[in-house]
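This is query-v7.txt. It holds compact mmCIF, C-alpha atoms.
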# COMPACT_ATOMS: atom_id res chain seq x y z
CA MET A 2 0.53 33.88 10.81
CA ASP A 3 3.33 32.38 8.76
CA PRO A 4 2.04 29.60 6.42
CA ALA A 5 5.29 27.69 6.95
CA VAL A 6 4.19 26.97 10.52
CA LEU A 7 0.95 25.46 9.22
CA PHE A 8 2.93 23.20 6.87
CA ILE A 9 4.24 21.14 9.80
CA LEU A 10 1.03 19.21 10.43
CA PRO A 11 0.11 18.05 6.89
CA GLY A 12 3.81 17.54 6.11
CA SER A 13 4.37 15.30 9.13
CA VAL A 14 1.15 13.35 8.48
CA THR A 15 2.20 12.80 4.87
CA LEU A 16 5.68 11.61 5.90
CA PHE A 17 4.20 9.25 8.48
CA PHE A 18 1.82 7.65 5.98
CA PHE A 19 4.52 7.55 3.30
CA PHE A 20 6.75 5.60 5.70
CA ARG A 21 3.84 3.22 6.42
CA LEU A 22 3.28 2.82 2.66
CA MET A 23 6.91 1.83 2.15
CA LEU A 24 6.55 -0.82 4.88
CA TYR A 25 3.41 -2.09 3.14
CA TRP A 26 5.13 -2.40 -0.24
CA ARG A 27 8.08 -4.19 1.36
CA ALA A 28 5.58 -6.68 2.85
CA VAL A 29 4.05 -7.15 -0.62
CA ASP A 30 7.55 -7.90 -1.95
CA ARG A 31 8.15 -10.51 0.74
CA PHE A 32 4.73 -12.08 0.15
CA VAL A 33 5.09 -12.32 -3.63
CA SER A 34 8.64 -13.63 -3.29
CA ALA A 35 7.47 -16.36 -0.88
CA LEU A 36 4.59 -17.18 -3.20
CA HIS A 37 7.01 -17.53 -6.12
CA ARG A 38 9.48 -19.58 -4.12
CA ASP A 39 7.12 -21.93 -2.25
CA HIS A 40 3.95 -22.04 -4.41
CA HIS A 41 5.12 -21.50 -7.95
CA ASP A 42 1.94 -22.92 -9.55
CA LEU A 43 -0.24 -20.53 -7.57
CA TRP A 44 2.07 -17.63 -8.45
CA ILE A 45 1.55 -18.48 -12.13
CA ALA A 46 -2.23 -18.78 -11.64
CA LEU A 47 -2.30 -15.29 -10.10
CA GLY A 48 -0.72 -13.88 -13.25
CA LYS A 49 3.00 -14.01 -12.28
CA PRO A 50 2.85 -10.89 -10.14
CA CYS A 51 5.92 -8.93 -9.19
CA GLY A 52 6.31 -6.75 -6.15
CA TRP A 53 7.32 -3.15 -5.69
CA GLN A 54 11.04 -3.88 -6.03
CA TRP A 55 11.02 -7.66 -6.31
CA SER A 56 10.49 -9.47 -9.57
CA ALA A 57 11.05 -13.08 -10.54
CA PRO A 58 14.54 -13.93 -11.81
CA GLY A 59 14.69 -13.24 -15.53
CA LYS A 60 11.44 -11.28 -15.50
CA ILE A 61 11.23 -7.55 -15.95
CA GLY A 62 8.99 -6.06 -13.29
CA ILE A 63 6.01 -4.19 -14.70
CA PRO A 64 4.06 -2.09 -12.19
CA SER A 65 0.72 -3.16 -13.64
CA SER A 66 1.55 -6.78 -12.81
CA MET A 67 2.06 -6.06 -9.10
CA PHE A 68 0.19 -8.26 -6.70
CA SER A 69 -3.11 -6.47 -6.36
CA PHE A 70 -6.00 -6.90 -4.01
CA ARG A 71 -9.49 -7.42 -5.15
CA TRP A 72 -12.12 -5.61 -3.14
CA ASN A 73 -13.83 -8.85 -2.11
CA TRP A 74 -10.54 -9.98 -0.50
CA LEU A 75 -11.05 -7.25 2.11
CA ARG A 76 -14.06 -9.11 3.49
CA GLN A 77 -13.21 -12.75 2.87
CA ASP A 78 -10.13 -14.83 2.21
CA PRO A 79 -9.50 -15.84 -1.40
CA ASP A 80 -9.93 -19.53 -2.24
CA TRP A 81 -6.24 -20.05 -2.93
CA LEU A 82 -5.27 -18.94 0.60
CA SER A 83 -6.49 -22.28 2.00
CA ARG A 84 -3.69 -23.96 0.02
CA THR A 85 -1.06 -21.71 1.62
CA PRO A 86 -1.66 -21.76 5.39
CA GLU A 87 1.88 -20.53 6.13
CA LEU A 88 1.13 -17.31 4.22
CA ARG A 89 -2.17 -16.61 5.99
CA ASP A 90 -0.64 -14.22 8.54
CA ALA A 91 1.33 -12.40 5.85
CA PHE A 92 -1.82 -12.06 3.73
CA SER A 93 -3.70 -10.73 6.75
CA GLY A 94 -0.96 -8.12 7.19
CA LEU A 95 -1.23 -7.14 3.53
CA ARG A 96 -4.99 -6.85 3.86
CA GLN A 97 -4.58 -4.59 6.89
CA GLY A 98 -1.96 -2.49 5.07
CA PHE A 99 -4.24 -2.13 2.04
CA ARG A 100 -7.09 -1.00 4.29
CA GLU A 101 -4.85 1.42 6.15
CA TRP A 102 -3.55 3.05 3.00
CA ASN A 103 -6.71 3.18 0.89
CA LEU A 104 -9.38 3.68 3.53
CA ARG A 105 -7.54 5.72 6.14
CA ALA A 106 -4.26 7.27 5.01
CA MET A 107 -5.28 8.66 1.62
CA PRO A 108 -8.48 10.35 2.84
CA ILE A 109 -6.76 11.80 5.91
CA THR A 110 -3.84 13.10 3.83
CA ILE A 111 -6.13 14.66 1.21
CA VAL A 112 -8.25 16.37 3.87
CA MET A 113 -5.16 17.63 5.73
CA TRP A 114 -3.69 19.17 2.58
CA GLY A 115 -7.07 20.62 1.63
CA PHE A 116 -7.35 22.36 5.00
CA PHE A 117 -3.74 23.54 4.71
CA PHE A 118 -4.36 25.17 1.33
CA LEU A 119 -7.63 26.70 2.51
CA LEU A 120 -5.95 28.18 5.58
CA VAL A 121 -3.07 29.55 3.55
CA TYR A 122 -5.51 31.05 1.07
CA TYR A 123 -7.63 32.74 3.74
CA LEU A 124 -4.63 33.92 5.77
CA GLN A 125 -3.08 35.74 2.83
CA PRO A 126 -3.21 39.52 3.16
CA ALA A 127 -5.78 41.12 0.90

Do you think you could lay out the structure here as structure tokens?
Amino acid sequence: MDPAVLFILPGSVTLFFFFRLMLYWRAVDRFVSALHRDHHDLWIALGKPCGWQWSAPGKIGIPSSMFSFRWNWLRQDPDWLSRTPELRDAFSGLRQGFREWNLRAMPITIVMWGFFFLLVYYLQPA
């Protein structure tokens, strides 16, 4: 069997999750931008985060300063979210995107590629 045929499944899964990741990072950009625009004091208290492609005017975006989730935010809302009720739905979407990427997409992608390489290895002529 030609290994190129086997490439279709892990390749398409990877592209699908990559597309979903880009949507997630765009949502992070919109959230951080709205936080900066509408709740500047909270944005400062969170460490002046920048997004994937968005950064505050006059600020150079540094990837380590991206808005990041804390693991306890996956189970409960952070305290500061009660001060920003209009961002609650957006935060919920970010939480769901974080879960999808870290708890579903990455493990599935790693397992798919692992099986692909194992199949290619065992299907090679001796």

Provide the CA of Gln77 (chain A) to CA of Phe17 (chain A) distance in Å, to one decimal place.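 Between these atoms lies a distance of 28.6 Å.
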
Need to verify the contact set: Val14 (chain A), 9 Å, all atoms listed in the file, exclusion of same-chain residues closer than 3 positions in sequence. Can you return it as a count of residues only? 10

Work out how far CA of Thr15 (chain A) is from CA of Trp55 (chain A), in Å to one decimal. 24.9 Å

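Here the question is which of A:Pro108, A:Gly59, A:Pro50, A:Gly12 gets nearest to Phe32 (chain A) using only C-alpha atoms, and that residue is A:Pro50.
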
Skip Leu24 (chain A) itself and residues of its chain fewer than 5 positions away, then list as a PyMOL selection string all residues within 12 Å of it, counting all atoms listed in the file. chain A and resi 17-19+29-31+53+94-95+97-99+101-102

Given only C-alpha atoms as the basis, pick out the residue of A:Asn103, A:Ser56, A:Thr85, A:Ser13 nearest to Tyr25 (chain A). A:Asn103

Atom-to-atom span, CA of Arg105 (chain A) and CA of Ala5 (chain A), Å: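 Between these atoms lies a distance of 25.5 Å.
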
Need to verify the contact set: region 71-74 of chain A, 12 Å, all atoms listed in the file, exclusion of same-chain residues closer than 5 positions in sequence. Can you return it as an MDAnalysis selection string? chainID A and resid 47 79:82 92:93 95:97 99:100 103:104
